[in-house]
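K.L.:
To start, I am sharing the structure in question, which I have written as structure tokens.
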Amino acid sequence: QVELAESGGGSVQAGGSLRLSCTVSGNNDHYYCVGWFRQAPGKAREGVAGFVRGDGSTHYADSVKGRFTISQDSANHALYLQMNSLIPEDTAMYYCVAAPCWMTYNAYNARSPETYNYWGQGTQVTISS
């Protein structure tokens, strides 16, 4: 059983930065790959960034490439998302997610919310113009 708990959301002006954190428990053997999704009001869930395949590989949504950086601290069982140059379109609820790494080998599946069977409660990010 994996448990995920996000923190670090908030409200900032466009151009600012935020760092999201996620505490990950129940993944001591690294069976699960973790990442971040977001959902804005009235929009579908979007895969923002994630670790895939269990070999340290990462993926990013085109909309955040060059602005967001995902990292993890395995010793502390923590996942992070550094978000820079934020724009109003980044406003959304951000979720920490986990799925068995073998399910993320396929690039399409790695970006599909249906692949991830563990979700945190979410943390709100609001960017004002």
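In the structure tokens, each chain is lettered A, B, ... as it comes, each chain's residues begin at 1, and ligands are numbered from 1 in order of appearance.
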Report as a list in words all protein, DNA and RNA residues lying within 7 Å of Asp90 in chain A, evaluated on only C-alpha atoms, omitting residues in the same chain fewer than 3 positions from it.
P.N.:
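Within the cut-off, the hits are Leu86, Ile87 and Ile127 of chain A.
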K.L.:
If you run DSSP over the backbone, which residues in range 27-110 of chain A end up strand (DSSP E or B)? Put them as a PDB file with all heavy atoms, in the first residue's frame.
P.N.:
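selection_16.pdb was written with the following content:
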```pdb
ATOM      1  N   TYR A  32       7.271   0.993  -7.378  1.00  0.00           N
ATOM      2  CA  TYR A  32       6.405   1.993  -8.001  1.00  0.00           C
ATOM      3  C   TYR A  32       7.216   3.160  -8.546  1.00  0.00           C
ATOM      4  O   TYR A  32       8.213   3.585  -7.949  1.00  0.00           O
ATOM      5  CB  TYR A  32       5.402   2.525  -6.974  1.00  0.00           C
ATOM      6  CG  TYR A  32       4.402   1.488  -6.537  1.00  0.00           C
ATOM      7  CD1 TYR A  32       4.648   0.679  -5.435  1.00  0.00           C
ATOM      8  CD2 TYR A  32       3.220   1.309  -7.248  1.00  0.00           C
ATOM      9  CE1 TYR A  32       3.739  -0.286  -5.048  1.00  0.00           C
ATOM     10  CE2 TYR A  32       2.300   0.346  -6.858  1.00  0.00           C
ATOM     11  CZ  TYR A  32       2.566  -0.445  -5.766  1.00  0.00           C
ATOM     12  OH  TYR A  32       1.670  -1.400  -5.386  1.00  0.00           O
ATOM     13  N   CYS A  33       6.773   3.679  -9.690  1.00  0.00           N
ATOM     14  CA  CYS A  33       7.299   4.918 -10.245  1.00  0.00           C
ATOM     15  C   CYS A  33       6.334   6.045  -9.891  1.00  0.00           C
ATOM     16  O   CYS A  33       5.111   5.850  -9.874  1.00  0.00           O
ATOM     17  CB  CYS A  33       7.448   4.804 -11.761  1.00  0.00           C
ATOM     18  SG  CYS A  33       8.898   3.853 -12.270  1.00  0.00           S
ATOM     19  N   VAL A  34       6.894   7.205  -9.609  1.00  0.00           N
ATOM     20  CA  VAL A  34       6.089   8.323  -9.112  1.00  0.00           C
ATOM     21  C   VAL A  34       6.170   9.516 -10.045  1.00  0.00           C
ATOM     22  O   VAL A  34       7.120   9.661 -10.816  1.00  0.00           O
ATOM     23  CB  VAL A  34       6.534   8.724  -7.693  1.00  0.00           C
ATOM     24  CG1 VAL A  34       6.192   7.638  -6.687  1.00  0.00           C
ATOM     25  CG2 VAL A  34       8.051   9.006  -7.662  1.00  0.00           C
ATOM     26  N   GLY A  35       5.170  10.354  -9.944  1.00  0.00           N
ATOM     27  CA  GLY A  35       5.143  11.539 -10.808  1.00  0.00           C
ATOM     28  C   GLY A  35       4.087  12.526 -10.350  1.00  0.00           C
ATOM     29  O   GLY A  35       3.526  12.392  -9.247  1.00  0.00           O
ATOM     30  N   TRP A  36       3.836  13.508 -11.203  1.00  0.00           N
ATOM     31  CA  TRP A  36       2.886  14.574 -10.915  1.00  0.00           C
ATOM     32  C   TRP A  36       1.866  14.703 -12.046  1.00  0.00           C
ATOM     33  O   TRP A  36       2.234  14.724 -13.219  1.00  0.00           O
ATOM     34  CB  TRP A  36       3.614  15.904 -10.750  1.00  0.00           C
ATOM     35  CG  TRP A  36       4.531  15.975  -9.577  1.00  0.00           C
ATOM     36  CD1 TRP A  36       5.866  15.706  -9.559  1.00  0.00           C
ATOM     37  CD2 TRP A  36       4.165  16.342  -8.244  1.00  0.00           C
ATOM     38  NE1 TRP A  36       6.364  15.870  -8.286  1.00  0.00           N
ATOM     39  CE2 TRP A  36       5.343  16.271  -7.466  1.00  0.00           C
ATOM     40  CE3 TRP A  36       2.982  16.728  -7.616  1.00  0.00           C
ATOM     41  CZ2 TRP A  36       5.360  16.563  -6.098  1.00  0.00           C
ATOM     42  CZ3 TRP A  36       3.002  17.016  -6.269  1.00  0.00           C
ATOM     43  CH2 TRP A  36       4.173  16.937  -5.516  1.00  0.00           C
ATOM     44  N   PHE A  37       0.613  14.828 -11.668  1.00  0.00           N
ATOM     45  CA  PHE A  37      -0.457  15.186 -12.581  1.00  0.00           C
ATOM     46  C   PHE A  37      -1.081  16.480 -12.085  1.00  0.00           C
ATOM     47  O   PHE A  37      -0.891  16.881 -10.933  1.00  0.00           O
ATOM     48  CB  PHE A  37      -1.527  14.085 -12.615  1.00  0.00           C
ATOM     49  CG  PHE A  37      -1.268  13.010 -13.618  1.00  0.00           C
ATOM     50  CD1 PHE A  37      -0.257  12.088 -13.414  1.00  0.00           C
ATOM     51  CD2 PHE A  37      -2.026  12.909 -14.767  1.00  0.00           C
ATOM     52  CE1 PHE A  37      -0.001  11.089 -14.349  1.00  0.00           C
ATOM     53  CE2 PHE A  37      -1.780  11.916 -15.711  1.00  0.00           C
ATOM     54  CZ  PHE A  37      -0.769  11.010 -15.488  1.00  0.00           C
ATOM     55  N   ARG A  38      -1.831  17.124 -12.956  1.00  0.00           N
ATOM     56  CA  ARG A  38      -2.587  18.301 -12.545  1.00  0.00           C
ATOM     57  C   ARG A  38      -3.931  18.303 -13.236  1.00  0.00           C
ATOM     58  O   ARG A  38      -4.114  17.679 -14.284  1.00  0.00           O
ATOM     59  CB  ARG A  38      -1.826  19.588 -12.856  1.00  0.00           C
ATOM     60  CG  ARG A  38      -1.651  19.902 -14.344  1.00  0.00           C
ATOM     61  CD  ARG A  38      -0.778  21.148 -14.509  1.00  0.00           C
ATOM     62  NE  ARG A  38      -0.586  21.492 -15.917  1.00  0.00           N
ATOM     63  CZ  ARG A  38       0.219  22.473 -16.340  1.00  0.00           C
ATOM     64  NH1 ARG A  38       0.896  23.218 -15.454  1.00  0.00           N
ATOM     65  NH2 ARG A  38       0.345  22.715 -17.635  1.00  0.00           N
ATOM     66  N   GLN A  39      -4.870  19.012 -12.614  1.00  0.00           N
ATOM     67  CA  GLN A  39      -6.189  19.165 -13.211  1.00  0.00           C
ATOM     68  C   GLN A  39      -6.712  20.560 -12.927  1.00  0.00           C
ATOM     69  O   GLN A  39      -6.854  20.948 -11.768  1.00  0.00           O
ATOM     70  CB  GLN A  39      -7.165  18.113 -12.688  1.00  0.00           C
ATOM     71  CG  GLN A  39      -8.499  18.132 -13.420  1.00  0.00           C
ATOM     72  CD  GLN A  39      -9.346  16.926 -13.111  1.00  0.00           C
ATOM     73  OE1 GLN A  39      -9.223  16.304 -12.060  1.00  0.00           O
ATOM     74  NE2 GLN A  39     -10.218  16.569 -14.038  1.00  0.00           N
ATOM     75  N   GLU A  46      -3.844  16.069 -16.553  1.00  0.00           N
ATOM     76  CA  GLU A  46      -2.674  16.146 -17.433  1.00  0.00           C
ATOM     77  C   GLU A  46      -1.446  15.641 -16.696  1.00  0.00           C
ATOM     78  O   GLU A  46      -1.163  16.069 -15.578  1.00  0.00           O
ATOM     79  CB  GLU A  46      -2.448  17.593 -17.889  1.00  0.00           C
ATOM     80  CG  GLU A  46      -1.198  17.786 -18.731  1.00  0.00           C
ATOM     81  CD  GLU A  46      -0.893  19.251 -19.010  1.00  0.00           C
ATOM     82  OE1 GLU A  46      -1.293  20.112 -18.201  1.00  0.00           O
ATOM     83  OE2 GLU A  46      -0.223  19.536 -20.014  1.00  0.00           O
ATOM     84  N   GLY A  47      -0.707  14.757 -17.345  1.00  0.00           N
ATOM     85  CA  GLY A  47       0.551  14.309 -16.783  1.00  0.00           C
ATOM     86  C   GLY A  47       1.589  15.399 -16.915  1.00  0.00           C
ATOM     87  O   GLY A  47       1.941  15.775 -18.033  1.00  0.00           O
ATOM     88  N   VAL A  48       2.071  15.930 -15.825  1.00  0.00           N
ATOM     89  CA  VAL A  48       3.013  17.046 -15.833  1.00  0.00           C
ATOM     90  C   VAL A  48       4.447  16.549 -15.973  1.00  0.00           C
ATOM     91  O   VAL A  48       5.200  17.005 -16.835  1.00  0.00           O
ATOM     92  CB  VAL A  48       2.872  17.885 -14.547  1.00  0.00           C
ATOM     93  CG1 VAL A  48       3.902  19.005 -14.526  1.00  0.00           C
ATOM     94  CG2 VAL A  48       1.464  18.444 -14.432  1.00  0.00           C
ATOM     95  N   ALA A  49       4.823  15.641 -15.104  1.00  0.00           N
ATOM     96  CA  ALA A  49       6.188  15.110 -15.109  1.00  0.00           C
ATOM     97  C   ALA A  49       6.200  13.822 -14.314  1.00  0.00           C
ATOM     98  O   ALA A  49       5.383  13.637 -13.407  1.00  0.00           O
ATOM     99  CB  ALA A  49       7.164  16.112 -14.509  1.00  0.00           C
ATOM    100  N   GLY A  50       7.140  12.945 -14.633  1.00  0.00           N
ATOM    101  CA  GLY A  50       7.184  11.703 -13.892  1.00  0.00           C
ATOM    102  C   GLY A  50       8.454  10.914 -14.128  1.00  0.00           C
ATOM    103  O   GLY A  50       9.162  11.137 -15.120  1.00  0.00           O
ATOM    104  N   PHE A  51       8.739  10.037 -13.201  1.00  0.00           N
ATOM    105  CA  PHE A  51       9.800   9.058 -13.371  1.00  0.00           C
ATOM    106  C   PHE A  51       9.166   7.813 -13.969  1.00  0.00           C
ATOM    107  O   PHE A  51       8.097   7.384 -13.554  1.00  0.00           O
ATOM    108  CB  PHE A  51      10.455   8.729 -12.028  1.00  0.00           C
ATOM    109  CG  PHE A  51      11.341   9.829 -11.518  1.00  0.00           C
ATOM    110  CD1 PHE A  51      10.863  10.776 -10.638  1.00  0.00           C
ATOM    111  CD2 PHE A  51      12.663   9.922 -11.932  1.00  0.00           C
ATOM    112  CE1 PHE A  51      11.671  11.801 -10.165  1.00  0.00           C
ATOM    113  CE2 PHE A  51      13.491  10.935 -11.473  1.00  0.00           C
ATOM    114  CZ  PHE A  51      12.986  11.878 -10.591  1.00  0.00           C
ATOM    115  N   VAL A  52       9.838   7.238 -14.960  1.00  0.00           N
ATOM    116  CA  VAL A  52       9.267   6.090 -15.655  1.00  0.00           C
ATOM    117  C   VAL A  52      10.306   4.992 -15.795  1.00  0.00           C
ATOM    118  O   VAL A  52      11.519   5.228 -15.689  1.00  0.00           O
ATOM    119  CB  VAL A  52       8.749   6.494 -17.056  1.00  0.00           C
ATOM    120  CG1 VAL A  52       7.610   7.490 -16.932  1.00  0.00           C
ATOM    121  CG2 VAL A  52       9.871   7.070 -17.920  1.00  0.00           C
ATOM    122  N   SER A  57      14.655   7.436 -15.746  1.00  0.00           N
ATOM    123  CA  SER A  57      14.158   8.210 -16.875  1.00  0.00           C
ATOM    124  C   SER A  57      12.996   9.089 -16.433  1.00  0.00           C
ATOM    125  O   SER A  57      12.228   8.718 -15.544  1.00  0.00           O
ATOM    126  CB  SER A  57      13.702   7.291 -17.999  1.00  0.00           C
ATOM    127  OG  SER A  57      14.749   6.480 -18.453  1.00  0.00           O
ATOM    128  N   THR A  58      12.873  10.229 -17.072  1.00  0.00           N
ATOM    129  CA  THR A  58      11.795  11.150 -16.751  1.00  0.00           C
ATOM    130  C   THR A  58      11.052  11.558 -18.017  1.00  0.00           C
ATOM    131  O   THR A  58      11.562  11.430 -19.133  1.00  0.00           O
ATOM    132  CB  THR A  58      12.314  12.426 -16.069  1.00  0.00           C
ATOM    133  OG1 THR A  58      13.295  13.048 -16.928  1.00  0.00           O
ATOM    134  CG2 THR A  58      12.961  12.106 -14.738  1.00  0.00           C
ATOM    135  N   HIS A  59       9.830  12.007 -17.826  1.00  0.00           N
ATOM    136  CA  HIS A  59       9.087  12.613 -18.926  1.00  0.00           C
ATOM    137  C   HIS A  59       8.460  13.901 -18.431  1.00  0.00           C
ATOM    138  O   HIS A  59       8.192  14.059 -17.230  1.00  0.00           O
ATOM    139  CB  HIS A  59       8.022  11.659 -19.470  1.00  0.00           C
ATOM    140  CG  HIS A  59       6.801  11.571 -18.596  1.00  0.00           C
ATOM    141  ND1 HIS A  59       5.768  12.488 -18.640  1.00  0.00           N
ATOM    142  CD2 HIS A  59       6.444  10.673 -17.651  1.00  0.00           C
ATOM    143  CE1 HIS A  59       4.845  12.150 -17.758  1.00  0.00           C
ATOM    144  NE2 HIS A  59       5.231  11.067 -17.149  1.00  0.00           N
ATOM    145  N   TYR A  60       8.256  14.826 -19.341  1.00  0.00           N
ATOM    146  CA  TYR A  60       7.620  16.101 -19.041  1.00  0.00           C
ATOM    147  C   TYR A  60       6.571  16.410 -20.103  1.00  0.00           C
ATOM    148  O   TYR A  60       6.752  16.095 -21.273  1.00  0.00           O
ATOM    149  CB  TYR A  60       8.641  17.241 -19.039  1.00  0.00           C
ATOM    150  CG  TYR A  60       9.636  17.201 -17.909  1.00  0.00           C
ATOM    151  CD1 TYR A  60      10.839  16.518 -18.038  1.00  0.00           C
ATOM    152  CD2 TYR A  60       9.372  17.855 -16.703  1.00  0.00           C
ATOM    153  CE1 TYR A  60      11.754  16.488 -16.997  1.00  0.00           C
ATOM    154  CE2 TYR A  60      10.282  17.832 -15.664  1.00  0.00           C
ATOM    155  CZ  TYR A  60      11.471  17.142 -15.807  1.00  0.00           C
ATOM    156  OH  TYR A  60      12.376  17.110 -14.775  1.00  0.00           O
ATOM    157  N   PHE A  68       9.741  23.326 -15.493  1.00  0.00           N
ATOM    158  CA  PHE A  68       9.539  22.465 -14.330  1.00  0.00           C
ATOM    159  C   PHE A  68      10.637  21.407 -14.282  1.00  0.00           C
ATOM    160  O   PHE A  68      11.101  20.933 -15.319  1.00  0.00           O
ATOM    161  CB  PHE A  68       8.189  21.747 -14.420  1.00  0.00           C
ATOM    162  CG  PHE A  68       6.986  22.625 -14.236  1.00  0.00           C
ATOM    163  CD1 PHE A  68       7.065  24.014 -14.251  1.00  0.00           C
ATOM    164  CD2 PHE A  68       5.730  22.052 -14.048  1.00  0.00           C
ATOM    165  CE1 PHE A  68       5.947  24.809 -14.091  1.00  0.00           C
ATOM    166  CE2 PHE A  68       4.611  22.828 -13.876  1.00  0.00           C
ATOM    167  CZ  PHE A  68       4.712  24.209 -13.902  1.00  0.00           C
ATOM    168  N   THR A  69      11.005  21.028 -13.065  1.00  0.00           N
ATOM    169  CA  THR A  69      11.992  19.969 -12.878  1.00  0.00           C
ATOM    170  C   THR A  69      11.506  19.018 -11.797  1.00  0.00           C
ATOM    171  O   THR A  69      11.180  19.449 -10.685  1.00  0.00           O
ATOM    172  CB  THR A  69      13.360  20.541 -12.470  1.00  0.00           C
ATOM    173  OG1 THR A  69      13.806  21.471 -13.457  1.00  0.00           O
ATOM    174  CG2 THR A  69      14.391  19.420 -12.337  1.00  0.00           C
ATOM    175  N   ILE A  70      11.487  17.738 -12.134  1.00  0.00           N
ATOM    176  CA  ILE A  70      11.086  16.724 -11.164  1.00  0.00           C
ATOM    177  C   ILE A  70      12.339  16.096 -10.563  1.00  0.00           C
ATOM    178  O   ILE A  70      13.348  15.905 -11.260  1.00  0.00           O
ATOM    179  CB  ILE A  70      10.189  15.648 -11.818  1.00  0.00           C
ATOM    180  CG1 ILE A  70       9.588  14.723 -10.766  1.00  0.00           C
ATOM    181  CG2 ILE A  70      10.946  14.863 -12.885  1.00  0.00           C
ATOM    182  CD1 ILE A  70       8.533  13.766 -11.317  1.00  0.00           C
ATOM    183  N   SER A  71      12.285  15.796  -9.282  1.00  0.00           N
ATOM    184  CA  SER A  71      13.408  15.142  -8.618  1.00  0.00           C
ATOM    185  C   SER A  71      12.865  14.304  -7.473  1.00  0.00           C
ATOM    186  O   SER A  71      11.717  14.468  -7.056  1.00  0.00           O
ATOM    187  CB  SER A  71      14.419  16.171  -8.115  1.00  0.00           C
ATOM    188  OG  SER A  71      13.831  17.026  -7.158  1.00  0.00           O
ATOM    189  N   GLN A  72      13.704  13.419  -6.996  1.00  0.00           N
ATOM    190  CA  GLN A  72      13.289  12.608  -5.855  1.00  0.00           C
ATOM    191  C   GLN A  72      14.468  12.329  -4.949  1.00  0.00           C
ATOM    192  O   GLN A  72      15.609  12.290  -5.389  1.00  0.00           O
ATOM    193  CB  GLN A  72      12.631  11.302  -6.301  1.00  0.00           C
ATOM    194  CG  GLN A  72      13.512  10.358  -7.102  1.00  0.00           C
ATOM    195  CD  GLN A  72      12.741   9.107  -7.517  1.00  0.00           C
ATOM    196  OE1 GLN A  72      11.599   8.872  -7.099  1.00  0.00           O
ATOM    197  NE2 GLN A  72      13.359   8.283  -8.338  1.00  0.00           N
ATOM    198  N   ASP A  73      14.175  12.174  -3.714  1.00  0.00           N
ATOM    199  CA  ASP A  73      15.166  11.853  -2.705  1.00  0.00           C
ATOM    200  C   ASP A  73      14.767  10.492  -2.145  1.00  0.00           C
ATOM    201  O   ASP A  73      13.932  10.411  -1.249  1.00  0.00           O
ATOM    202  CB  ASP A  73      15.165  12.922  -1.615  1.00  0.00           C
ATOM    203  CG  ASP A  73      16.186  12.655  -0.541  1.00  0.00           C
ATOM    204  OD1 ASP A  73      16.717  11.531  -0.481  1.00  0.00           O
ATOM    205  OD2 ASP A  73      16.445  13.582   0.243  1.00  0.00           O
ATOM    206  N   ALA A  78      10.887  11.014  -0.796  1.00  0.00           N
ATOM    207  CA  ALA A  78      10.212  12.251  -1.152  1.00  0.00           C
ATOM    208  C   ALA A  78      10.338  12.518  -2.637  1.00  0.00           C
ATOM    209  O   ALA A  78      11.333  12.171  -3.268  1.00  0.00           O
ATOM    210  CB  ALA A  78      10.801  13.418  -0.366  1.00  0.00           C
ATOM    211  N   LEU A  79       9.314  13.151  -3.180  1.00  0.00           N
ATOM    212  CA  LEU A  79       9.263  13.555  -4.580  1.00  0.00           C
ATOM    213  C   LEU A  79       9.043  15.049  -4.620  1.00  0.00           C
ATOM    214  O   LEU A  79       8.285  15.587  -3.810  1.00  0.00           O
ATOM    215  CB  LEU A  79       8.111  12.828  -5.283  1.00  0.00           C
ATOM    216  CG  LEU A  79       7.887  13.143  -6.752  1.00  0.00           C
ATOM    217  CD1 LEU A  79       9.027  12.580  -7.589  1.00  0.00           C
ATOM    218  CD2 LEU A  79       6.555  12.599  -7.225  1.00  0.00           C
ATOM    219  N   TYR A  80       9.707  15.716  -5.569  1.00  0.00           N
ATOM    220  CA  TYR A  80       9.608  17.155  -5.661  1.00  0.00           C
ATOM    221  C   TYR A  80       9.264  17.596  -7.083  1.00  0.00           C
ATOM    222  O   TYR A  80       9.553  16.893  -8.042  1.00  0.00           O
ATOM    223  CB  TYR A  80      10.934  17.810  -5.246  1.00  0.00           C
ATOM    224  CG  TYR A  80      11.430  17.375  -3.895  1.00  0.00           C
ATOM    225  CD1 TYR A  80      12.422  16.398  -3.771  1.00  0.00           C
ATOM    226  CD2 TYR A  80      10.893  17.927  -2.731  1.00  0.00           C
ATOM    227  CE1 TYR A  80      12.872  15.988  -2.535  1.00  0.00           C
ATOM    228  CE2 TYR A  80      11.338  17.524  -1.488  1.00  0.00           C
ATOM    229  CZ  TYR A  80      12.328  16.549  -1.394  1.00  0.00           C
ATOM    230  OH  TYR A  80      12.770  16.143  -0.165  1.00  0.00           O
ATOM    231  N   LEU A  81       8.678  18.772  -7.169  1.00  0.00           N
ATOM    232  CA  LEU A  81       8.461  19.408  -8.465  1.00  0.00           C
ATOM    233  C   LEU A  81       8.806  20.877  -8.318  1.00  0.00           C
ATOM    234  O   LEU A  81       8.085  21.625  -7.662  1.00  0.00           O
ATOM    235  CB  LEU A  81       7.012  19.240  -8.936  1.00  0.00           C
ATOM    236  CG  LEU A  81       6.732  19.764 -10.340  1.00  0.00           C
ATOM    237  CD1 LEU A  81       7.465  18.923 -11.387  1.00  0.00           C
ATOM    238  CD2 LEU A  81       5.230  19.781 -10.639  1.00  0.00           C
ATOM    239  N   GLN A  82       9.931  21.268  -8.886  1.00  0.00           N
ATOM    240  CA  GLN A  82      10.334  22.671  -8.897  1.00  0.00           C
ATOM    241  C   GLN A  82       9.693  23.343 -10.100  1.00  0.00           C
ATOM    242  O   GLN A  82       9.917  22.908 -11.232  1.00  0.00           O
ATOM    243  CB  GLN A  82      11.854  22.802  -8.973  1.00  0.00           C
ATOM    244  CG  GLN A  82      12.354  24.225  -9.029  1.00  0.00           C
ATOM    245  CD  GLN A  82      12.062  24.997  -7.752  1.00  0.00           C
ATOM    246  OE1 GLN A  82      12.238  24.479  -6.652  1.00  0.00           O
ATOM    247  NE2 GLN A  82      11.613  26.239  -7.889  1.00  0.00           N
ATOM    248  N   MET A  83       8.900  24.366  -9.855  1.00  0.00           N
ATOM    249  CA  MET A  83       8.166  25.039 -10.924  1.00  0.00           C
ATOM    250  C   MET A  83       8.637  26.486 -11.007  1.00  0.00           C
ATOM    251  O   MET A  83       8.463  27.257 -10.059  1.00  0.00           O
ATOM    252  CB  MET A  83       6.665  24.984 -10.644  1.00  0.00           C
ATOM    253  CG  MET A  83       6.144  23.564 -10.409  1.00  0.00           C
ATOM    254  SD  MET A  83       4.347  23.490 -10.260  1.00  0.00           S
ATOM    255  CE  MET A  83       4.103  24.404  -8.745  1.00  0.00           C
ATOM    256  N   ALA A  92      -3.915  24.992 -11.222  1.00  0.00           N
ATOM    257  CA  ALA A  92      -4.552  23.680 -11.192  1.00  0.00           C
ATOM    258  C   ALA A  92      -4.357  23.053  -9.823  1.00  0.00           C
ATOM    259  O   ALA A  92      -3.571  23.541  -9.004  1.00  0.00           O
ATOM    260  CB  ALA A  92      -3.952  22.765 -12.260  1.00  0.00           C
ATOM    261  N   MET A  93      -5.049  21.951  -9.604  1.00  0.00           N
ATOM    262  CA  MET A  93      -4.763  21.088  -8.467  1.00  0.00           C
ATOM    263  C   MET A  93      -3.682  20.114  -8.934  1.00  0.00           C
ATOM    264  O   MET A  93      -3.826  19.488  -9.991  1.00  0.00           O
ATOM    265  CB  MET A  93      -6.010  20.334  -8.040  1.00  0.00           C
ATOM    266  CG  MET A  93      -5.824  19.501  -6.784  1.00  0.00           C
ATOM    267  SD  MET A  93      -5.680  20.526  -5.316  1.00  0.00           S
ATOM    268  CE  MET A  93      -7.419  20.940  -5.062  1.00  0.00           C
ATOM    269  N   TYR A  94      -2.630  20.015  -8.162  1.00  0.00           N
ATOM    270  CA  TYR A  94      -1.509  19.144  -8.509  1.00  0.00           C
ATOM    271  C   TYR A  94      -1.524  17.906  -7.622  1.00  0.00           C
ATOM    272  O   TYR A  94      -1.648  18.015  -6.396  1.00  0.00           O
ATOM    273  CB  TYR A  94      -0.192  19.892  -8.352  1.00  0.00           C
ATOM    274  CG  TYR A  94       0.078  20.856  -9.479  1.00  0.00           C
ATOM    275  CD1 TYR A  94      -0.679  22.027  -9.627  1.00  0.00           C
ATOM    276  CD2 TYR A  94       1.066  20.602 -10.422  1.00  0.00           C
ATOM    277  CE1 TYR A  94      -0.454  22.895 -10.681  1.00  0.00           C
ATOM    278  CE2 TYR A  94       1.306  21.477 -11.468  1.00  0.00           C
ATOM    279  CZ  TYR A  94       0.538  22.617 -11.596  1.00  0.00           C
ATOM    280  OH  TYR A  94       0.763  23.480 -12.630  1.00  0.00           O
ATOM    281  N   TYR A  95      -1.379  16.745  -8.265  1.00  0.00           N
ATOM    282  CA  TYR A  95      -1.449  15.470  -7.560  1.00  0.00           C
ATOM    283  C   TYR A  95      -0.150  14.690  -7.717  1.00  0.00           C
ATOM    284  O   TYR A  95       0.408  14.602  -8.812  1.00  0.00           O
ATOM    285  CB  TYR A  95      -2.584  14.621  -8.117  1.00  0.00           C
ATOM    286  CG  TYR A  95      -3.956  15.217  -7.954  1.00  0.00           C
ATOM    287  CD1 TYR A  95      -4.515  16.013  -8.947  1.00  0.00           C
ATOM    288  CD2 TYR A  95      -4.701  14.997  -6.794  1.00  0.00           C
ATOM    289  CE1 TYR A  95      -5.772  16.563  -8.800  1.00  0.00           C
ATOM    290  CE2 TYR A  95      -5.962  15.539  -6.643  1.00  0.00           C
ATOM    291  CZ  TYR A  95      -6.495  16.322  -7.643  1.00  0.00           C
ATOM    292  OH  TYR A  95      -7.740  16.868  -7.494  1.00  0.00           O
ATOM    293  N   CYS A  96       0.279  14.098  -6.651  1.00  0.00           N
ATOM    294  CA  CYS A  96       1.368  13.136  -6.658  1.00  0.00           C
ATOM    295  C   CYS A  96       0.759  11.762  -6.950  1.00  0.00           C
ATOM    296  O   CYS A  96      -0.283  11.428  -6.383  1.00  0.00           O
ATOM    297  CB  CYS A  96       2.047  13.167  -5.282  1.00  0.00           C
ATOM    298  SG  CYS A  96       3.445  12.073  -5.074  1.00  0.00           S
ATOM    299  N   VAL A  97       1.396  10.995  -7.836  1.00  0.00           N
ATOM    300  CA  VAL A  97       0.813   9.723  -8.262  1.00  0.00           C
ATOM    301  C   VAL A  97       1.877   8.639  -8.268  1.00  0.00           C
ATOM    302  O   VAL A  97       3.082   8.916  -8.318  1.00  0.00           O
ATOM    303  CB  VAL A  97       0.200   9.831  -9.673  1.00  0.00           C
ATOM    304  CG1 VAL A  97      -0.925  10.861  -9.701  1.00  0.00           C
ATOM    305  CG2 VAL A  97       1.271  10.179 -10.710  1.00  0.00           C
ATOM    306  N   ALA A  98       1.407   7.383  -8.215  1.00  0.00           N
ATOM    307  CA  ALA A  98       2.326   6.251  -8.257  1.00  0.00           C
ATOM    308  C   ALA A  98       1.701   5.098  -9.026  1.00  0.00           C
ATOM    309  O   ALA A  98       0.489   4.874  -8.940  1.00  0.00           O
ATOM    310  CB  ALA A  98       2.690   5.796  -6.846  1.00  0.00           C
ATOM    311  N   ALA A  99       2.538   4.389  -9.769  1.00  0.00           N
ATOM    312  CA  ALA A  99       2.113   3.212 -10.520  1.00  0.00           C
ATOM    313  C   ALA A  99       3.268   2.230 -10.569  1.00  0.00           C
ATOM    314  O   ALA A  99       4.436   2.637 -10.525  1.00  0.00           O
ATOM    315  CB  ALA A  99       1.709   3.600 -11.944  1.00  0.00           C
ATOM    316  N   PRO A 100       2.992   0.928 -10.679  1.00  0.00           N
ATOM    317  CA  PRO A 100       4.081  -0.028 -10.865  1.00  0.00           C
ATOM    318  C   PRO A 100       4.940   0.388 -12.057  1.00  0.00           C
ATOM    319  O   PRO A 100       4.404   0.731 -13.114  1.00  0.00           O
ATOM    320  CB  PRO A 100       3.353  -1.345 -11.124  1.00  0.00           C
ATOM    321  CG  PRO A 100       2.035  -1.176 -10.455  1.00  0.00           C
ATOM    322  CD  PRO A 100       1.681   0.265 -10.637  1.00  0.00           C
TER     323      PRO A 100
END
```
K.L.:
If you measure from CA of Thr115 in chain A to CA of Pro41 in chain A, what distance in Å do you get, rounded to one decimal?
P.N.:
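Going from CA of Thr115 in chain A over to CA of Pro41 in chain A, I get 21.5 Å.
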K.L.:
Do you know which residues are at most 12 Å from Ala75 in chain A counting only C-alpha atoms, after dropping those on the same chain fewer than 3 positions away, and could you put them as a PyMOL selection string?
P.N.:
chain A and resi 23-25+27-30+72+78-79
K.L.:
Using only C-alpha atoms, which residue out of A:Asn117, A:Thr104, A:Thr91, A:Ser129 lies closest to Ala14 in chain A?
P.N.:
A:Ser129
K.L.:
If you run DSSP on this backbone, which residues of range 22-121 of chain A come out as alpha helix (DSSP H), and could you give them as a short mmCIF file (atom, residue, chain, number, x, y, z; two decimals) with N, CA, C and O atoms, in the first residue's frame?
P.N.:
```cif
data_model
loop_
_atom_site.label_atom_id
_atom_site.label_comp_id
_atom_site.auth_asym_id
_atom_site.auth_seq_id
_atom_site.Cartn_x
_atom_site.Cartn_y
_atom_site.Cartn_z
N ALA A 107 5.27 4.98 -23.43
CA ALA A 107 5.21 6.44 -23.25
C ALA A 107 3.77 6.92 -23.11
O ALA A 107 3.48 7.84 -22.32
N TYR A 108 2.87 6.34 -23.88
CA TYR A 108 1.47 6.76 -23.80
C TYR A 108 0.90 6.44 -22.43
O TYR A 108 0.24 7.26 -21.79
N ASN A 109 1.17 5.23 -21.95
CA ASN A 109 0.66 4.83 -20.65
C ASN A 109 1.24 5.68 -19.53
O ASN A 109 0.56 5.99 -18.54
N ALA A 110 2.51 6.07 -19.68
CA ALA A 110 3.16 6.88 -18.64
C ALA A 110 2.48 8.23 -18.47
O ALA A 110 2.55 8.82 -17.40
#
```
K.L.:
Write out as number ranges by chain each polymer residue whose atoms come within 7 Å of Thr126 in chain A, counting only C-alpha atoms; drop sequence neighbours fewer than 2 positions from it.
P.N.:
A: 10-12, 91-92, 124, 128
